[in-house]
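Visitor: Take a look at run14.cif, mmCIF, C-alpha atoms:
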data_structure
loop_
_atom_site.group_PDB
_atom_site.id
_atom_site.type_symbol
_atom_site.label_atom_id
_atom_site.label_comp_id
_atom_site.auth_asym_id
_atom_site.auth_seq_id
_atom_site.Cartn_x
_atom_site.Cartn_y
_atom_site.Cartn_z
ATOM 1 C CA ARG A 1 62.423 -44.227 -10.826
ATOM 2 C CA GLN A 2 58.855 -45.351 -10.170
ATOM 3 C CA GLN A 3 60.097 -47.978 -7.717
ATOM 4 C CA ARG A 4 62.145 -45.336 -5.853
ATOM 5 C CA ARG A 5 59.109 -43.105 -5.503
ATOM 6 C CA ARG A 6 57.040 -46.008 -4.144
ATOM 7 C CA ALA A 7 59.800 -46.891 -1.671
ATOM 8 C CA ALA A 8 60.105 -43.268 -0.549
ATOM 9 C CA ALA A 9 56.382 -42.979 0.077
ATOM 10 C CA VAL A 10 56.255 -46.253 2.019
ATOM 11 C CA ARG A 11 59.317 -45.604 4.177
ATOM 12 C CA ILE A 12 58.390 -42.001 4.984
ATOM 13 C CA ALA A 13 54.801 -42.919 5.829
ATOM 14 C CA VAL A 14 55.828 -45.817 8.062
ATOM 15 C CA GLY A 15 58.708 -43.923 9.675
ATOM 16 C CA SER A 16 56.643 -40.860 10.566
ATOM 17 C CA GLY A 17 53.451 -42.685 11.566
ATOM 18 C CA ARG A 18 51.329 -40.769 9.077
ATOM 19 C CA ARG A 19 47.676 -41.629 8.648
ATOM 20 C CA PHE A 20 46.782 -43.970 5.780
ATOM 21 C CA SER A 21 44.891 -41.198 3.968
ATOM 22 C CA ASP A 22 48.005 -39.029 3.982
ATOM 23 C CA PHE A 23 50.096 -41.959 2.776
ATOM 24 C CA ALA A 24 47.650 -42.719 -0.061
ATOM 25 C CA TRP A 25 47.731 -39.071 -1.151
ATOM 26 C CA LEU A 26 51.527 -39.027 -1.200
ATOM 27 C CA LEU A 27 51.787 -42.340 -3.055
ATOM 28 C CA THR A 28 49.243 -41.248 -5.686
ATOM 29 C CA LYS A 29 51.125 -38.013 -6.255
ATOM 30 C CA ARG A 30 54.439 -39.844 -6.598
ATOM 31 C CA LEU A 31 53.043 -42.365 -9.097
ATOM 32 C CA SER A 32 51.418 -39.617 -11.162
ATOM 33 C CA ALA A 33 54.707 -37.784 -11.349
ATOM 34 C CA ALA A 34 56.490 -41.007 -12.327
ATOM 35 C CA ALA A 35 53.979 -41.621 -15.126
ATOM 36 C CA LEU A 36 54.542 -38.113 -16.459
ATOM 37 C CA THR A 37 58.290 -38.603 -16.348
ATOM 38 C CA ALA A 38 58.020 -41.910 -18.228
ATOM 39 C CA ALA A 39 55.877 -40.314 -20.934
ATOM 40 C CA THR A 40 58.334 -37.460 -21.273
ATOM 41 C CA ALA A 41 61.244 -39.898 -21.602
ATOM 42 C CA VAL A 42 59.591 -41.567 -24.601
ATOM 43 C CA ALA A 43 59.197 -38.243 -26.370
ATOM 44 C CA THR A 44 62.649 -36.945 -25.467
ATOM 45 C CA THR A 45 65.254 -39.453 -26.562
ATOM 46 C CA THR A 46 68.882 -38.436 -26.557
ATOM 47 C CA LEU A 47 69.485 -35.101 -28.244
ATOM 48 C CA SER A 48 72.048 -32.307 -28.170
ATOM 49 C CA ILE A 49 71.396 -28.710 -27.115
ATOM 50 C CA GLY A 50 74.488 -26.620 -27.791
ATOM 51 C CA PRO A 51 77.590 -28.025 -26.099
ATOM 52 C CA THR A 52 75.628 -29.753 -23.314
ATOM 53 C CA LEU A 53 74.487 -33.361 -23.767
ATOM 54 C CA CYS A 54 70.876 -33.960 -22.774
ATOM 55 C CA GLN A 55 69.453 -37.433 -22.264
ATOM 56 C CA ALA A 56 66.255 -39.071 -21.123
ATOM 57 C CA ASP A 57 65.779 -40.119 -17.485
ATOM 58 C CA GLU A 58 68.100 -43.120 -17.225
ATOM 59 C CA PRO A 59 71.855 -42.509 -17.623
ATOM 60 C CA SER A 60 73.955 -44.951 -19.596
ATOM 61 C CA ALA A 61 75.574 -47.838 -17.735
ATOM 62 C CA ALA A 62 79.020 -46.463 -18.571
ATOM 63 C CA GLY A 63 78.272 -43.080 -17.032
ATOM 64 C CA ARG A 64 76.345 -44.189 -13.976
ATOM 65 C CA ASP A 65 79.323 -44.082 -11.609
ATOM 66 C CA GLN A 66 81.032 -41.042 -13.102
ATOM 67 C CA PRO A 67 80.915 -37.697 -11.234
ATOM 68 C CA ALA A 68 78.925 -35.308 -13.380
ATOM 69 C CA ALA A 69 77.227 -31.938 -13.393
ATOM 70 C CA VAL A 70 75.605 -29.506 -15.746
ATOM 71 C CA VAL A 71 78.550 -27.520 -17.066
ATOM 72 C CA GLU A 72 79.832 -26.034 -20.285
ATOM 73 C CA ALA A 73 83.117 -27.474 -21.519
ATOM 74 C CA THR A 74 84.768 -24.064 -21.152
ATOM 75 C CA ASP A 75 83.243 -23.127 -17.770
ATOM 76 C CA SER A 76 85.607 -22.192 -14.963
ATOM 77 C CA TRP A 77 84.860 -23.634 -11.524
ATOM 78 C CA GLN A 78 86.172 -21.750 -8.494
ATOM 79 C CA PRO A 79 87.363 -23.850 -5.519
ATOM 80 C CA LEU A 80 85.781 -23.413 -2.074
ATOM 81 C CA PHE A 81 88.077 -25.964 -0.409
ATOM 82 C CA ASP A 82 91.822 -26.244 -0.944
ATOM 83 C CA GLY A 83 92.055 -29.847 0.247
ATOM 84 C CA LYS A 84 94.434 -28.896 3.054
ATOM 85 C CA THR A 85 92.817 -26.394 5.422
ATOM 86 C CA LEU A 86 89.406 -25.128 6.541
ATOM 87 C CA ASP A 87 90.210 -21.690 5.147
ATOM 88 C CA GLY A 88 86.885 -19.920 4.524
ATOM 89 C CA TRP A 89 84.905 -22.470 6.551
ATOM 90 C CA LYS A 90 83.975 -22.661 10.219
ATOM 91 C CA SER A 91 82.518 -25.463 12.302
ATOM 92 C CA THR A 92 78.824 -24.690 12.796
ATOM 93 C CA SER A 93 77.878 -24.153 16.451
ATOM 94 C CA PHE A 94 74.724 -26.254 16.482
ATOM 95 C CA GLY A 95 75.312 -27.361 20.063
ATOM 96 C CA GLY A 96 76.628 -30.865 20.672
ATOM 97 C CA GLU A 97 78.229 -30.888 17.233
ATOM 98 C CA GLY A 98 81.080 -33.235 16.340
ATOM 99 C CA GLU A 99 84.600 -32.082 15.576
ATOM 100 C CA VAL A 100 85.617 -30.962 12.103
ATOM 101 C CA ALA A 101 89.071 -31.563 10.625
ATOM 102 C CA VAL A 102 90.824 -32.016 7.297
ATOM 103 C CA GLU A 103 92.044 -35.567 6.678
ATOM 104 C CA ASP A 104 93.417 -37.052 3.463
ATOM 105 C CA GLY A 105 92.246 -34.144 1.323
ATOM 106 C CA ALA A 106 88.684 -34.155 2.689
ATOM 107 C CA ILE A 107 86.746 -32.357 5.410
ATOM 108 C CA ARG A 108 85.764 -34.951 7.985
ATOM 109 C CA ILE A 109 82.699 -34.035 10.046
ATOM 110 C CA GLU A 110 82.377 -36.204 13.124
ATOM 111 C CA ARG A 111 79.041 -37.363 14.507
ATOM 112 C CA GLY A 112 77.499 -35.065 17.076
ATOM 113 C CA SER A 113 74.539 -35.477 19.392
ATOM 114 C CA GLU A 114 72.393 -34.428 16.420
ATOM 115 C CA LEU A 115 73.669 -31.975 13.812
ATOM 116 C CA SER A 116 77.272 -31.248 12.870
ATOM 117 C CA GLY A 117 78.637 -29.276 9.966
ATOM 118 C CA ILE A 118 80.478 -26.315 8.480
ATOM 119 C CA THR A 119 79.409 -22.837 7.337
ATOM 120 C CA TRP A 120 81.058 -20.682 4.674
ATOM 121 C CA GLN A 121 82.402 -17.392 6.084
ATOM 122 C CA GLN A 122 83.079 -15.444 2.910
ATOM 123 C CA GLU A 123 81.003 -13.939 0.106
ATOM 124 C CA PHE A 124 78.936 -16.212 -2.095
ATOM 125 C CA PRO A 125 76.461 -15.529 -4.943
ATOM 126 C CA LYS A 126 72.777 -15.351 -4.078
ATOM 127 C CA ASP A 127 71.513 -16.370 -7.492
ATOM 128 C CA GLY A 128 72.563 -17.656 -10.912
ATOM 129 C CA TYR A 129 75.194 -20.173 -9.823
ATOM 130 C CA ALA A 130 76.005 -23.872 -9.517
ATOM 131 C CA ILE A 131 77.798 -25.538 -6.627
ATOM 132 C CA THR A 132 79.250 -29.034 -6.683
ATOM 133 C CA LEU A 133 81.000 -31.263 -4.156
ATOM 134 C CA GLU A 134 81.715 -34.886 -3.347
ATOM 135 C CA ALA A 135 80.290 -36.365 -0.150
ATOM 136 C CA SER A 136 80.524 -39.719 1.589
ATOM 137 C CA ARG A 137 78.702 -41.279 4.530
ATOM 138 C CA VAL A 138 81.628 -42.647 6.534
ATOM 139 C CA ASP A 139 79.434 -44.024 9.291
ATOM 140 C CA GLY A 140 75.919 -43.517 10.556
ATOM 141 C CA TYR A 141 72.312 -43.803 9.487
ATOM 142 C CA ASP A 142 70.982 -40.428 8.356
ATOM 143 C CA PHE A 143 71.780 -37.585 5.966
ATOM 144 C CA PHE A 144 75.461 -37.127 5.217
ATOM 145 C CA CYS A 145 75.023 -33.982 3.156
ATOM 146 C CA GLY A 146 72.569 -31.254 3.996
ATOM 147 C CA LEU A 147 73.699 -28.528 1.598
ATOM 148 C CA THR A 148 72.148 -25.185 2.567
ATOM 149 C CA PHE A 149 72.370 -22.548 -0.157
ATOM 150 C CA PRO A 150 70.833 -19.184 -1.120
ATOM 151 C CA VAL A 151 67.941 -18.856 -3.558
ATOM 152 C CA GLY A 152 67.897 -15.103 -4.033
ATOM 153 C CA GLU A 153 67.030 -13.730 -0.602
ATOM 154 C CA GLU A 154 65.667 -17.062 0.619
ATOM 155 C CA PRO A 155 67.618 -20.105 1.898
ATOM 156 C CA CYS A 156 67.002 -23.728 0.961
ATOM 157 C CA SER A 157 68.679 -27.090 1.654
ATOM 158 C CA PHE A 158 69.314 -30.132 -0.513
ATOM 159 C CA ILE A 159 69.086 -33.156 1.779
ATOM 160 C CA VAL A 160 70.914 -36.332 0.756
ATOM 161 C CA GLY A 161 70.198 -39.540 2.686
ATOM 162 C CA GLY A 162 67.786 -38.323 5.352
ATOM 163 C CA TRP A 163 64.854 -39.881 7.216
ATOM 164 C CA GLY A 164 66.475 -43.219 7.905
ATOM 165 C CA GLY A 165 69.159 -43.035 5.242
ATOM 166 C CA GLY A 166 67.625 -42.638 1.788
ATOM 167 C CA VAL A 167 65.379 -39.586 1.407
ATOM 168 C CA VAL A 168 66.570 -36.991 -1.079
ATOM 169 C CA GLY A 169 64.892 -33.648 -1.701
ATOM 170 C CA LEU A 170 64.667 -29.932 -1.029
ATOM 171 C CA SER A 171 63.915 -28.579 2.435
ATOM 172 C CA SER A 172 61.712 -26.711 2.232
ATOM 173 C CA VAL A 173 59.311 -25.903 -0.617
ATOM 174 C CA ASP A 174 56.184 -23.955 0.361
ATOM 175 C CA GLY A 175 56.796 -24.936 3.971
ATOM 176 C CA ALA A 176 57.091 -28.691 3.304
ATOM 177 C CA ASP A 177 60.424 -30.372 3.998
ATOM 178 C CA ALA A 178 62.372 -32.890 1.896
ATOM 179 C CA ALA A 179 60.222 -35.816 3.014
ATOM 180 C CA HIS A 180 56.901 -34.171 2.181
ATOM 181 C CA ASN A 181 57.050 -32.219 -1.077
ATOM 182 C CA ASP A 182 57.210 -32.851 -4.806
ATOM 183 C CA THR A 183 61.002 -33.207 -4.773
ATOM 184 C CA THR A 184 60.942 -36.241 -2.451
ATOM 185 C CA GLU A 185 62.910 -39.242 -3.725
ATOM 186 C CA TRP A 186 64.334 -42.389 -2.154
ATOM 187 C CA LYS A 187 67.843 -43.528 -3.075
ATOM 188 C CA GLU A 188 70.116 -46.169 -1.586
ATOM 189 C CA PHE A 189 73.558 -44.959 -0.470
ATOM 190 C CA GLU A 190 76.567 -47.130 0.254
ATOM 191 C CA THR A 191 78.669 -46.404 3.320
ATOM 192 C CA GLY A 192 82.145 -45.239 2.331
ATOM 193 C CA LYS A 193 81.229 -44.455 -1.283
ATOM 194 C CA TRP A 194 81.749 -40.984 -2.749
ATOM 195 C CA TYR A 195 78.843 -39.242 -4.468
ATOM 196 C CA ARG A 196 79.049 -36.151 -6.659
ATOM 197 C CA ILE A 197 76.334 -33.706 -5.524
ATOM 198 C CA THR A 198 75.475 -30.696 -7.661
ATOM 199 C CA VAL A 199 72.949 -27.907 -7.097
ATOM 200 C CA GLU A 200 72.127 -25.325 -9.729
ATOM 201 C CA VAL A 201 70.162 -22.197 -8.814
ATOM 202 C CA GLY A 202 68.892 -20.693 -12.070
ATOM 203 C CA LYS A 203 66.396 -17.926 -12.602
ATOM 204 C CA GLU A 204 63.664 -20.410 -13.523
ATOM 205 C CA ALA A 205 64.371 -23.466 -11.377
ATOM 206 C CA ILE A 206 66.477 -25.217 -8.768
ATOM 207 C CA ARG A 207 68.020 -28.367 -10.226
ATOM 208 C CA CYS A 208 69.947 -31.013 -8.307
ATOM 209 C CA TRP A 209 72.007 -34.017 -9.367
ATOM 210 C CA ILE A 210 73.644 -36.953 -7.646
ATOM 211 C CA ASN A 211 76.411 -38.182 -9.931
ATOM 212 C CA ASP A 212 74.882 -37.940 -13.423
ATOM 213 C CA GLU A 213 71.271 -38.431 -12.318
ATOM 214 C CA GLN A 214 69.021 -35.391 -12.025
ATOM 215 C CA LEU A 215 66.715 -35.826 -9.049
ATOM 216 C CA VAL A 216 65.276 -32.331 -8.623
ATOM 217 C CA ASP A 217 63.839 -29.885 -11.142
ATOM 218 C CA GLN A 218 61.864 -27.478 -8.965
ATOM 219 C CA PRO A 219 60.366 -24.341 -10.611
ATOM 220 C CA ARG A 220 60.898 -21.127 -8.670
ATOM 221 C CA GLU A 221 57.950 -19.072 -9.859
ATOM 222 C CA GLY A 222 54.999 -19.267 -7.505
ATOM 223 C CA HIS A 223 56.913 -21.096 -4.767
ATOM 224 C CA GLU A 224 58.518 -20.103 -1.482
ATOM 225 C CA PHE A 225 61.765 -21.651 -0.280
ATOM 226 C CA SER A 226 62.984 -21.969 3.289
ATOM 227 C CA ILE A 227 65.002 -24.163 5.642
ATOM 228 C CA ARG A 228 64.168 -26.114 8.744
ATOM 229 C CA PRO A 229 64.978 -24.106 11.891
ATOM 230 C CA GLU A 230 67.568 -26.684 12.986
ATOM 231 C CA VAL A 231 69.942 -25.592 10.185
ATOM 232 C CA PHE A 232 69.432 -21.839 10.550
ATOM 233 C CA LEU A 233 73.123 -21.447 11.448
ATOM 234 C CA SER A 234 74.114 -22.993 8.096
ATOM 235 C CA LYS A 235 73.029 -19.862 6.239
ATOM 236 C CA PRO A 236 73.911 -18.563 3.744
ATOM 237 C CA LEU A 237 76.027 -21.533 2.622
ATOM 238 C CA GLY A 238 76.713 -24.582 4.734
ATOM 239 C CA ILE A 239 77.027 -28.352 4.817
ATOM 240 C CA SER A 240 75.594 -30.398 7.658
ATOM 241 C CA CYS A 241 75.012 -34.035 8.627
ATOM 242 C CA TYR A 242 72.770 -35.702 11.177
ATOM 243 C CA GLY A 243 73.737 -38.645 13.382
ATOM 244 C CA THR A 244 76.426 -39.420 10.858
ATOM 245 C CA VAL A 245 80.153 -39.153 10.212
ATOM 246 C CA ALA A 246 80.540 -37.438 6.835
ATOM 247 C CA ALA A 247 83.410 -36.562 4.533
ATOM 248 C CA ILE A 248 83.342 -33.696 2.025
ATOM 249 C CA ARG A 249 85.830 -32.874 -0.729
ATOM 250 C CA ASP A 250 86.243 -31.048 -4.049
ATOM 251 C CA VAL A 251 83.836 -28.201 -3.246
ATOM 252 C CA ARG A 252 83.500 -25.772 -6.164
ATOM 253 C CA TYR A 253 81.109 -23.224 -7.630
ATOM 254 C CA ARG A 254 80.620 -21.254 -10.819
ATOM 255 C CA LEU A 255 78.326 -18.541 -12.131
ATOM 256 C CA LEU A 256 75.724 -19.643 -14.640
ATOM 257 C CA ASP A 257 75.550 -18.445 -18.201
ATOM 258 C CA ALA A 258 72.205 -16.681 -18.736
ATOM 259 C CA LYS A 259 71.413 -18.945 -21.686
ATOM 260 C CA ARG A 260 71.648 -22.049 -19.448
ATOM 261 C CA ASP A 261 68.132 -21.429 -18.127
ATOM 262 C CA SER A 262 66.661 -21.991 -21.587
ATOM 263 C CA THR A 263 67.248 -25.757 -21.204
ATOM 264 C CA PRO A 264 63.843 -27.539 -21.377
ATOM 265 C CA SER A 265 62.436 -28.741 -18.077
ATOM 266 C CA ARG A 266 62.691 -32.388 -16.988
ATOM 267 C CA LYS A 267 65.659 -33.226 -19.226
ATOM 268 C CA ARG A 268 68.660 -34.998 -17.749
ATOM 269 C CA CYS A 269 71.580 -32.840 -18.820
ATOM 270 C CA MET A 270 75.113 -33.705 -17.886
ATOM 271 C CA LEU A 271 78.750 -33.363 -18.798
ATOM 272 C CA SER A 272 81.489 -34.916 -16.710
ATOM 273 C CA ILE A 273 83.515 -32.395 -14.713
ATOM 274 C CA VAL A 274 87.112 -32.137 -15.784
ATOM 275 C CA PRO A 275 89.351 -31.168 -12.839
#
I'd like the structure from this file rewritten - as structure tokens, please.

Guide:
Amino acid sequence: RQQRRRAAAVRIAVGSGRRFSDFAWLLTKRLSAAALTAATAVATTTLSIGPTLCQADEPSAAGRDQPAAVVEATDSWQPLFDGKTLDGWKSTSFGGEGEVAVEDGAIRIERGSELSGITWQQEFPKDGYAITLEASRVDGYDFFCGLTFPVGEEPCSFIVGGWGGGVVGLSSVDGADAAHNDTTEWKEFETGKWYRITVEVGKEAIRCWINDEQLVDQPREGHEFSIRPEVFLSKPLGISCYGTVAAIRDVRYRLLDAKRDSTPSRKRCMLSIVP
């Protein structure tokens, strides 16, 4: 995790031409956060909280490639994609967007001049929910899943694979986008591989996972959430990609149990989704 944070700081700083002082500030912040996470991991070895299994930072080798999300064993997920049609979804009119079609049980979003994507046309919760999907970068170099979602009355986006292919984080927190706030991470993504992406909007925090690894645990109190103006048309719920051909499948959501928000911060909590 510490190595990822270092890589993220280096690649973002070099890619955006930031001054060295800005880079040093970002790197110091990332390393401090990594040290805190490591200390927490020592004190929080594997334990159980109710029916949900909570572990320290690193998932087991056996579970590393398994789609996972924070769910109760009895929770009921509601589908947002039937695997056959775009019912409920509409291609987002970004301007210069690529075509959208259903192929082999997935929504294929072709590369556009910049942004391409889909926007949900029906009702969706504003708070107290989790949404999960599988996404794949079929071809391209930038983010293959920009999931825009409501946080109460405010929008936010979870960016997966941006800024040259590996930045992960929330856009935006207190006006800072996914490459420049405390949620910034760097992760390598393989072309053609499917990744389970899960976002949970609880009353206390926004939490995000890729497969069984929690990458974001952002408190809500005292913070403002927003989106970059380029994805304004993705509100209230949308999925976009940039300079990339993306595939999306198995999109589902559920309402959160009120007691879920009592889970201690910075734990890695997961339970494999059962279709």

Visitor: Check which residues satisfy the PyMOL selection byres ((chain A and resi 129) around 8) in the file shown, then give them as a count of residues only.

Guide: 13

Visitor: Between A:Cys156, A:Ala178, A:Ile197, A:Val245, which residue has the minimum interatomic distance to Phe225 of chain A, considering all atoms listed in the file?

Guide: A:Cys156

Visitor: With a distance cut-off of 6 Å and all atoms listed in the file, select the neighbouring residues of segment 226-241 of chain A, excluding the residue or stretch itself and same-chain residues fewer than 6 positions from it, and output the selection as a PyMOL selection string.

Guide: chain A and resi 115-120+143-150+155-156+171-172

Visitor: Write out as an MDAnalysis selection string the residues lying within 10 Å of Cys208 of chain A, counting only C-alpha atoms and excluding same-chain residues fewer than 2 positions away.

Guide: chainID A and resid 69:70 130:132 158 168:170 183 197:201 205:206 210:218

Visitor: Given only C-alpha atoms as the basis, pick out the residue of A:Val151, A:Asp250, A:Thr244, A:Ile159 nearest to Glu99 of chain A.

Guide: A:Thr244

Visitor: In Å, with one decimal, what is the gap from atom CA of Glu110 of chain A to atom CA of Ala246 of chain A?

Guide: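 Interatomic distance, atom CA of Glu110 of chain A to atom CA of Ala246 of chain A: 6.7 Å.
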
Visitor: Could you work out how far atom CA of Lys193 of chain A lies from atom CA of Phe94 of chain A, giving the answer in Å with one decimal?

Guide: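 Interatomic distance here is 26.3 Å.
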
Visitor: One decimal, in Å: what's the spacing between atom CA of Glu134 of chain A and atom CA of Gln121 of chain A?

Guide: 19.9 Å
